[in-house]
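Asker: My structure is below; once you've seen it, I'll send some questions.
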There are 2 protein chains.
Amino acid sequence: MSERIEIYDTTLRDGMQGESVNFSVEDKCRVVEQLDALGVDFIEGGWPGSNPRDVAFFERVRTLKLSGARIAAFGSTRRNALTCDADPSIQALLKAETPVVTIFGKSWLLHVTEALRLSPEENLEIIADTVRYLSARVPFLIYDAEHFFDGYRADPEYALKTLRMAAAEGAQRIVLCDTNGGSLPDFVAHATRQVIQEINVPLGIHCHNDGDVAVANTLAAVSAGAIQVQGTINGYGERCGNVNLCSVIPNLQLKLGYQVLAPERLQKLRTVSRFVSEMANCALDSRAAFIGDSAFAHKGGIHVSAVERNPATYEHIEPEAVGNRRRILISDLSGRANLLAKARELGLELNDEQRVLEELKRLEHDGYEFEAAEASFELLVAKLRGAHQPYFELVGFRVIDEHRGALMPMSEATVKVKVGSHIEHTAATGNGPVNALDNALRRALERFYPSLTEMRLVDYKVRVINSTLSGTASLVRVLITSSDERIVWGTVGVSANIVEASWRALVDSVEYKLTRDGVVSICSEPENEPGTSPDSVQEALV
Amino acid sequence: MSERIEIYDTTLRDGMQGESVNFSVEDKCRVVEQLDALGVDFIEGGWPGSNPRDVAFFERVRTLKLSGARIAAFGSTRRNALTCDADPSIQALLKAETPVVTIFGKSWLLHVTEALRLSPEENLEIIADTVRYLSARVPFLIYDAEHFFDGYRADPEYALKTLRMAAAEGAQRIVLCDTNGGSLPDFVAHATRQVIQEINVPLGIHCHNDGDVAVANTLAAVSAGAIQVQGTINGYGERCGNVNLCSVIPNLQLKLGYQVLAPERLQKLRTVSRFVSEMANCALDSRAAFIGDSAFAHKGGIHVSAVERNPATYEHIEPEAVGNRRRILISDLSGRANLLAKARELGLELNDEQRVLEELKRLEHDGYEFEAAEASFELLVAKLRGAHQPYFELVGFRVIDEHRGALMPMSEATVKVKVGSHIEHTAATGNGPVNALDNALRRALERFYPSLTEMRLVDYKVRVINSTLSGTASLVRVLITSSDERIVWGTVGVSANIVEASWRALVDSVEYKLTRDGVVSICSEPENEPGTSPDSVQEALV
């Protein structure tokens with residue numbers, strides 16, 4: 001089999017219906033460029049008749065140079081009381097001047113009679129009329145049959161009639177939508193086969209995930225003959241989301257042998273997924289199939305040792321095919337095999353496994369977690385091996401957050417550190433206590449370690465551990481993500497005090513940057529031999 | 001159809017293989033009680049041969065009074081070099097003294113020859129011998145055929161042979177495992193049908209979600225004749241997780257008509273899901289099918305008005321069937337219909353929609369989000385209607401976080417507030433700046449408003465907005481969850497300063513508690529008429 005399947009991305013329209021998902025016009029344009037680079041065929045950009053932000057987007061997007069993707073504007077069939085010429089939403093679709101227009105119409109009598117309060121015949125006339133009007137005026141017209149599967153279940157003959165109208169009047173694709181997301185794969189396959197026998201226009205499938213089977217429904221429709229898949233990156237969308245293209249595409253291409261993306265483009269899948277999640281400001285589910293951080297992460301000791309021998313033992317595909325990678329998780333469940341595998345993955349030598357294991361267990365018991373903080377793990381191992389040189393020593397810090405009346409609140413930090421034989425005492429303000437601390441620490445260190453100017457913090461996450469126990473008095477775990485021009489790294493700090501936890505993660509981040517750059521510590525002058533005793537390890541960590 | 005399907009929960013064993021999922025012995029016992037109340041048939045508690053925590057658990061769990069669930073201990077077939085009598089893992093299984101024992105064996109020659117380095121015949125002998133030994137000694141023995149589907153794909157005859165061994169030697173269930181999670185539904189259905197023709201023992205199905213089709217695979221196996229479903233609450237598990245029982249159970253019962261749980265127990269599904277996510281300390285995916293916060297959340301304007309008329313228009317099941325509820329989301333995408341529906345849901349009157357909409361848009365533009373902070377939304381509406389009485393006025397606060405040498409860091413807050421004509425100036429320490437502020441604020445207010453002693457903070461979440469731009473200097477959104485003896489409520493604060501954002505959320509939380517309790521403000525004495533001008537609204541919010 002090597003049929004070609006079209007991908008129609010609706011992240012920027014249906015995806016934005018998802019809770020907490022929002023894109024600015026600028027975000028949308030950047031997402032368009034990424035989707036085009038990934039190689040999707042259609043990008044639905046928005047609903048020009050519905051909000052002004054989308055009108056601005058369609059003006060902007062015309063200026064982008066795309067390599068192959070076609071932009072689609074989305075809208076509804078005309079209103080009952082208006083002609084297409086007089087319907088402002090239909091006219092807005094034309095004004096968007098996109099190479100593709102997608103309109104949706106009703107297939108389910110419940111919606112026709114209850115939501116729209118129309119007669120079945122009026123609805124058919126609206127579909128026919130709108131498709132006729134638009135197909136004469138736009139280069140490529142797609143008809144989305146909203147609620148097709150619910151409509152087909154309730155009254156198959158009427159649902160098919162709506163499709164026949166759209167087909168007769170010139171729609172170039174007819175898309176079967178499981179709008180409420182409640183259908184199951186066997187039914188989707190059955191209904192799609194019935195439609196294919198009746199309708200001569202190529203079919204698409206548009207699923208929602210309310211039954212947690214949107215991917216299987218989509219695959220079932222393709223197996224039954226649909227040639228276009230509509231979905232969103234990361235499965236964003238109303239309620240439980242649309243079908244996740246990051247799951248559908250690899251299944252179609254790697255498992256079922258369809259032609260979807262060029263292999264080198266498929267390898268961008270994870271990058272595009274992460275980019276969109278950043279733009280949407282929604283943390284990516286680490287368990288997401290194919291592209292999630294945990295998708296090829298091995299924790300159980302038996303699994304780890306088998307995967308080390310042959311990855312096929314516990315991996316269903318090669319992670320690299322979708323731009324992902326194998327990870328070995330450090331955990332007190334895991335035992336020696338994981339630890340050694342992790343050390344190999346990071347290119348670390350472990351002279352004293354037992355000691356590293358015990359220290360890890362102690363720290364994990366205290367609330368540390370190294371799964372998202374590999375930089376802190378590397379530093380820990382280096383410290384335990386005596387191979388780490390501290391770059392400075394903390395004498396003390398203080399942060400003051402002050403709010404007086406209507407003034408903007410202000411944070412001020414003072415930091416006193418010892419660098420070799422020098423004592424630096426600096427102060428800095430910031431938009432918050434951690435920002436102020438970061439500024440003061442850099443001010444103290446940059447004259448000794450100039451490469452720190454390249455480093456920046458890209459994310460900062462706080463997690464309360466055992467949050468049910470005592471609210472803000474619980475332990476706090478801070479994860480900091482930093483980057484320089486080359487790489488991104490994560491560090492962790494844990495404390496009952498959020499500022500202290502942040503400080504620990506900040507210090508690890510600075511030390512990791514300097515270690516990685518091969519900077520020699522000013523503290524490693526002969527009179528300041530780096531400590532390798534358990535005491536100094538403790539202190540460096542705490 | 002009304003066949004009975006058994007549910008076998010492995011959250012406490014396979015679920016714990018998931019990244020970031022950890023349960024203490026105490027956690028595990030509490031989860032067992034919840035699962036028993038939900039009505040699952042089997043609860044796999046752990047692997048007594050693999051770690052000491054699980055041994056302790058099996059001792060503890062014997063003291064629990066369960067209504068119907070049977071506890072299972074999990075382990076491997078015996079090692080090649082040992083007899084069952086001499087194998088410590090097999091003996092640990094017996095010592096756990098559970099009513100059910102589950103052992104797994106290998107069905108896939110790749111694992112037999114590469115991971116275990118055994119001959120195919122040795123593996124068959126190990127399976128036969130272990131099943132024979134255990135089925136003579138434990139009340140109920142379940143055999144998990146690990147990697148069955150990969151094994152069947154590679155060598156169907158050998159894979160079936162391993163099952164025949166287990167069946168012949170007395171296993172009471174044979175469970176087909178898609179251990180690598182890469183199979184697709186059509187293949188799972190086909191292979192299951194083949195097994196049913198060969199094997200007379202009732203079958204189970206155990207799927208992983210690496211292809212994002214675990215739910216569909218499970219449903220396919222049940223349709224083909226399997227009568228037991230193994231899975232985890234919230235889909236926790238190695239890599240992409242095990243099949244999510246919170247999706248499988250409602251699909252089986254509400255859509256396919258199988259008998260799984262009593263309807264009144266099915267209504268506990270969401271509560272159990274949330275409980276387990278709290279215990280696992282893993283935030284629940286709001287988009288999770290059936291039980292997620294967003295599963296019946298409506299944002300698009302068209303959807304909202306249709307659902308208001310007839311929920312079936314955009315809901316595949318009744319949310320109450322699984323203990324969930326409909327939510328109307330407040331968003332700048334949503335328009336008037338959503339706002340009015342939301343107000344109705346909360347029992348609020350809206351006299352001046354346009355003003356509320358504009359203020360909402362302004363705040364959302366500034367980074368506020370009310371989707372998880374309905375208490376802040378209610379306060380906002382009350383303020384805009386002039387119906388809110390501020391309970392105090394902030395004069396100023398200051399927080400100092402100090403770290404000196406090896407001492408534990410300390411946070412101290414001073415708060416000055418005006419309550420009616422009284423000025424209160426208090427100080428308090430805390431484990432962090434927010435905790436200190438919370439303590440100082442309560443100290444200032446409790447003598448005026450004693451019911452505040454009932455209130456506690458249950459969670460505290462920090463989210464950096466636009467985090468890619470400037471790290472710790474970005475805007476910060478703080479969500480605080482509070483509770484008293486009766487209800488739980490969420491509030492939100494946004495600022496560039498994390499302490500300030502936390503303060504705003506804290507103040508909303510206190511004001512919501514007092515409003516809800518019907519407490520009259522001491523500030524509402526005649527000389528302190530509550531302000532309804534835009535100025536005072538701004539100030540109350542900021």
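So you can find residues: chains in the structure tokens are A, B, ... in the order shown, residues in each start at 1, and ligands are numbered from 1 in order.
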Give the strand (DSSP E) residues of segment 307-498 of chain B, as assigned by DSSP on the backbone, as a PyMOL selection string.
Answerer: chain B and resi 327-328+393-404+410-419+422-430+456-465+475-483+488-495
Asker: Would you pick out the contacts of segment 63-79 of chain B at 6 Å or less, using only C-alpha atoms, so that residues sharing its chain but fewer than 6 positions from it are not included, and give the list as a PyMOL selection string?
Answerer: chain B and resi 36+40-47+98+100-105+130
Asker: For the interface of chain A with chain B (cut-off 6 Å, counting only C-alpha atoms), please tabulate each contacting residue of chain A alongside its nearest pair of atoms and their separation in Å to one decimal, rows sorted by chain and increasing number, as JSON lines.
Answerer:
```
{"residue": "A:Ala115", "atom": "CA", "partner": "B:Ala306", "partner_atom": "CA", "distance": 5.5}
{"residue": "A:Asn180", "atom": "CA", "partner": "B:Tyr314", "partner_atom": "CA", "distance": 5.3}
{"residue": "A:Gly182", "atom": "CA", "partner": "B:His316", "partner_atom": "CA", "distance": 5.0}
{"residue": "A:Asp210", "atom": "CA", "partner": "B:Ala289", "partner_atom": "CA", "distance": 5.1}
{"residue": "A:Gly211", "atom": "CA", "partner": "B:Ala289", "partner_atom": "CA", "distance": 5.9}
{"residue": "A:Asp212", "atom": "CA", "partner": "B:Ala289", "partner_atom": "CA", "distance": 5.6}
{"residue": "A:Val213", "atom": "CA", "partner": "B:Ala216", "partner_atom": "CA", "distance": 5.7}
{"residue": "A:Ala216", "atom": "CA", "partner": "B:Val213", "partner_atom": "CA", "distance": 5.7}
{"residue": "A:Arg239", "atom": "CA", "partner": "B:Ala295", "partner_atom": "CA", "distance": 4.5}
{"residue": "A:Cys240", "atom": "CA", "partner": "B:Arg287", "partner_atom": "CA", "distance": 4.3}
{"residue": "A:Arg287", "atom": "CA", "partner": "B:Cys240", "partner_atom": "CA", "distance": 4.3}
{"residue": "A:Ala288", "atom": "CA", "partner": "B:Cys240", "partner_atom": "CA", "distance": 6.0}
{"residue": "A:Ala289", "atom": "CA", "partner": "B:Asp210", "partner_atom": "CA", "distance": 5.1}
{"residue": "A:Ser294", "atom": "CA", "partner": "B:Arg239", "partner_atom": "CA", "distance": 4.9}
{"residue": "A:Ala295", "atom": "CA", "partner": "B:Arg239", "partner_atom": "CA", "distance": 4.5}
{"residue": "A:Phe296", "atom": "CA", "partner": "B:Arg239", "partner_atom": "CA", "distance": 5.7}
{"residue": "A:Ala297", "atom": "CA", "partner": "B:Arg239", "partner_atom": "CA", "distance": 5.4}
{"residue": "A:Ala306", "atom": "CA", "partner": "B:Ala115", "partner_atom": "CA", "distance": 5.4}
{"residue": "A:Tyr314", "atom": "CA", "partner": "B:Asn180", "partner_atom": "CA", "distance": 5.3}
{"residue": "A:Glu315", "atom": "CA", "partner": "B:Asn180", "partner_atom": "CA", "distance": 5.8}
{"residue": "A:His316", "atom": "CA", "partner": "B:Gly182", "partner_atom": "CA", "distance": 5.0}
{"residue": "A:Val395", "atom": "CA", "partner": "B:Gly405", "partner_atom": "CA", "distance": 5.4}
{"residue": "A:Gly396", "atom": "CA", "partner": "B:Arg404", "partner_atom": "CA", "distance": 4.4}
{"residue": "A:Phe397", "atom": "CA", "partner": "B:His403", "partner_atom": "CA", "distance": 5.2}
{"residue": "A:Arg398", "atom": "CA", "partner": "B:Glu402", "partner_atom": "CA", "distance": 4.3}
{"residue": "A:Val399", "atom": "CA", "partner": "B:Asp401", "partner_atom": "CA", "distance": 5.1}
{"residue": "A:Ile400", "atom": "CA", "partner": "B:Ile400", "partner_atom": "CA", "distance": 4.5}
{"residue": "A:Asp401", "atom": "CA", "partner": "B:Val399", "partner_atom": "CA", "distance": 5.1}
{"residue": "A:Glu402", "atom": "CA", "partner": "B:Arg398", "partner_atom": "CA", "distance": 4.3}
{"residue": "A:His403", "atom": "CA", "partner": "B:Phe397", "partner_atom": "CA", "distance": 5.2}
{"residue": "A:Arg404", "atom": "CA", "partner": "B:Gly396", "partner_atom": "CA", "distance": 4.4}
{"residue": "A:Gly405", "atom": "CA", "partner": "B:Val395", "partner_atom": "CA", "distance": 5.3}
{"residue": "A:Asn431", "atom": "CA", "partner": "B:Asn497", "partner_atom": "CA", "distance": 5.1}
{"residue": "A:Gly432", "atom": "CA", "partner": "B:Asn497", "partner_atom": "CA", "distance": 4.1}
{"residue": "A:Asn435", "atom": "CA", "partner": "B:Thr472", "partner_atom": "CA", "distance": 5.0}
{"residue": "A:Leu457", "atom": "CA", "partner": "B:Gly471", "partner_atom": "CA", "distance": 4.4}
{"residue": "A:Val458", "atom": "CA", "partner": "B:Gly471", "partner_atom": "CA", "distance": 4.5}
{"residue": "A:Asp459", "atom": "CA", "partner": "B:Gly471", "partner_atom": "CA", "distance": 5.3}
{"residue": "A:Val462", "atom": "CA", "partner": "B:Val462", "partner_atom": "CA", "distance": 5.7}
{"residue": "A:Ser467", "atom": "CA", "partner": "B:Asp459", "partner_atom": "CA", "distance": 5.4}
{"residue": "A:Thr468", "atom": "CA", "partner": "B:Val458", "partner_atom": "CA", "distance": 5.3}
{"residue": "A:Gly471", "atom": "CA", "partner": "B:Leu457", "partner_atom": "CA", "distance": 4.3}
{"residue": "A:Thr472", "atom": "CA", "partner": "B:Asn435", "partner_atom": "CA", "distance": 5.0}
{"residue": "A:Ala473", "atom": "CA", "partner": "B:Asn431", "partner_atom": "CA", "distance": 5.6}
{"residue": "A:Ala496", "atom": "CA", "partner": "B:Asn431", "partner_atom": "CA", "distance": 5.5}
{"residue": "A:Asn497", "atom": "CA", "partner": "B:Gly432", "partner_atom": "CA", "distance": 4.1}
{"residue": "A:Ile498", "atom": "CA", "partner": "B:Gly432", "partner_atom": "CA", "distance": 5.7}
```
Asker: Hey, what's within 12 Å of Val519 of chain A if we count only C-alpha atoms and toss same-chain stuff fewer than 4 positions away? As a ChimeraX atom specification, please?
Answerer: /A:388-391,448-452,510-515,523-524
Asker: Restricted to C-alpha atoms, what would the selected residues look like written as a PDB file, in the first residue's frame?
Answerer:
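result04.pdb was written with the following content:
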```pdb
ATOM      1  CA  HIS A 388      33.183  18.820  40.273  1.00  0.00           C
ATOM      2  CA  GLN A 389      34.821  22.146  41.050  1.00  0.00           C
ATOM      3  CA  PRO A 390      32.505  24.605  42.755  1.00  0.00           C
ATOM      4  CA  TYR A 391      32.740  27.974  41.039  1.00  0.00           C
ATOM      5  CA  PHE A 448      34.947  36.168  36.920  1.00  0.00           C
ATOM      6  CA  TYR A 449      33.026  34.027  34.403  1.00  0.00           C
ATOM      7  CA  PRO A 450      32.112  36.158  31.377  1.00  0.00           C
ATOM      8  CA  SER A 451      30.414  33.341  29.423  1.00  0.00           C
ATOM      9  CA  LEU A 452      27.482  33.574  31.858  1.00  0.00           C
ATOM     10  CA  VAL A 510      25.054  28.400  36.468  1.00  0.00           C
ATOM     11  CA  GLU A 511      27.409  25.596  37.455  1.00  0.00           C
ATOM     12  CA  TYR A 512      26.226  23.369  34.641  1.00  0.00           C
ATOM     13  CA  LYS A 513      26.786  26.120  32.088  1.00  0.00           C
ATOM     14  CA  LEU A 514      30.336  26.725  33.310  1.00  0.00           C
ATOM     15  CA  THR A 515      31.167  23.008  33.540  1.00  0.00           C
ATOM     16  CA  CYS A 523      38.104  28.513  43.386  1.00  0.00           C
ATOM     17  CA  SER A 524      40.406  25.687  42.239  1.00  0.00           C
TER      18      SER A 524
END
```
Asker: Figure out the distance between atom CA of Arg447 of chain A and atom CA of Ala428 of chain A, please, to one decimal in Å.
Answerer: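 A separation of 15.5 Å between them.
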Asker: So which residues touch Val229 of chain A within 8 Å, counting only C-alpha atoms, skipping near sequence neighbours fewer than 2 positions away, as a ChimeraX atom specification?
Answerer: /A:5-8,204-206,218,222,226-227,231
Asker: Those residues you just picked out, can you put them in a file as a PDB file, in the first residue's frame with C-alpha atoms?
Answerer:
```
ATOM      1  CA  ILE A   5      -3.221  10.726   2.584  1.00  0.00           C
ATOM      2  CA  GLU A   6      -3.777  14.492   2.832  1.00  0.00           C
ATOM      3  CA  ILE A   7      -3.296  16.211   6.167  1.00  0.00           C
ATOM      4  CA  TYR A   8      -5.600  19.111   6.985  1.00  0.00           C
ATOM      5  CA  GLY A 204     -12.072  13.373   4.639  1.00  0.00           C
ATOM      6  CA  ILE A 205     -12.454  12.432   8.305  1.00  0.00           C
ATOM      7  CA  HIS A 206     -12.660  14.861  11.252  1.00  0.00           C
ATOM      8  CA  THR A 218      -9.548   8.251  12.063  1.00  0.00           C
ATOM      9  CA  VAL A 222      -8.882   5.909   6.265  1.00  0.00           C
ATOM     10  CA  ALA A 226     -11.107   8.410   3.331  1.00  0.00           C
ATOM     11  CA  ILE A 227      -8.109  10.254   1.845  1.00  0.00           C
ATOM     12  CA  GLY A 231      -6.866  17.141  13.140  1.00  0.00           C
TER      13      GLY A 231
END
```
Asker: Mind checking which residues fall within 7 Å of segment 341-358 of chain A, counting only C-alpha atoms, ignoring those fewer than 4 positions away in the same chain, and posting them as a PyMOL selection string?
Answerer: chain A and resi 328+337+362+381+384
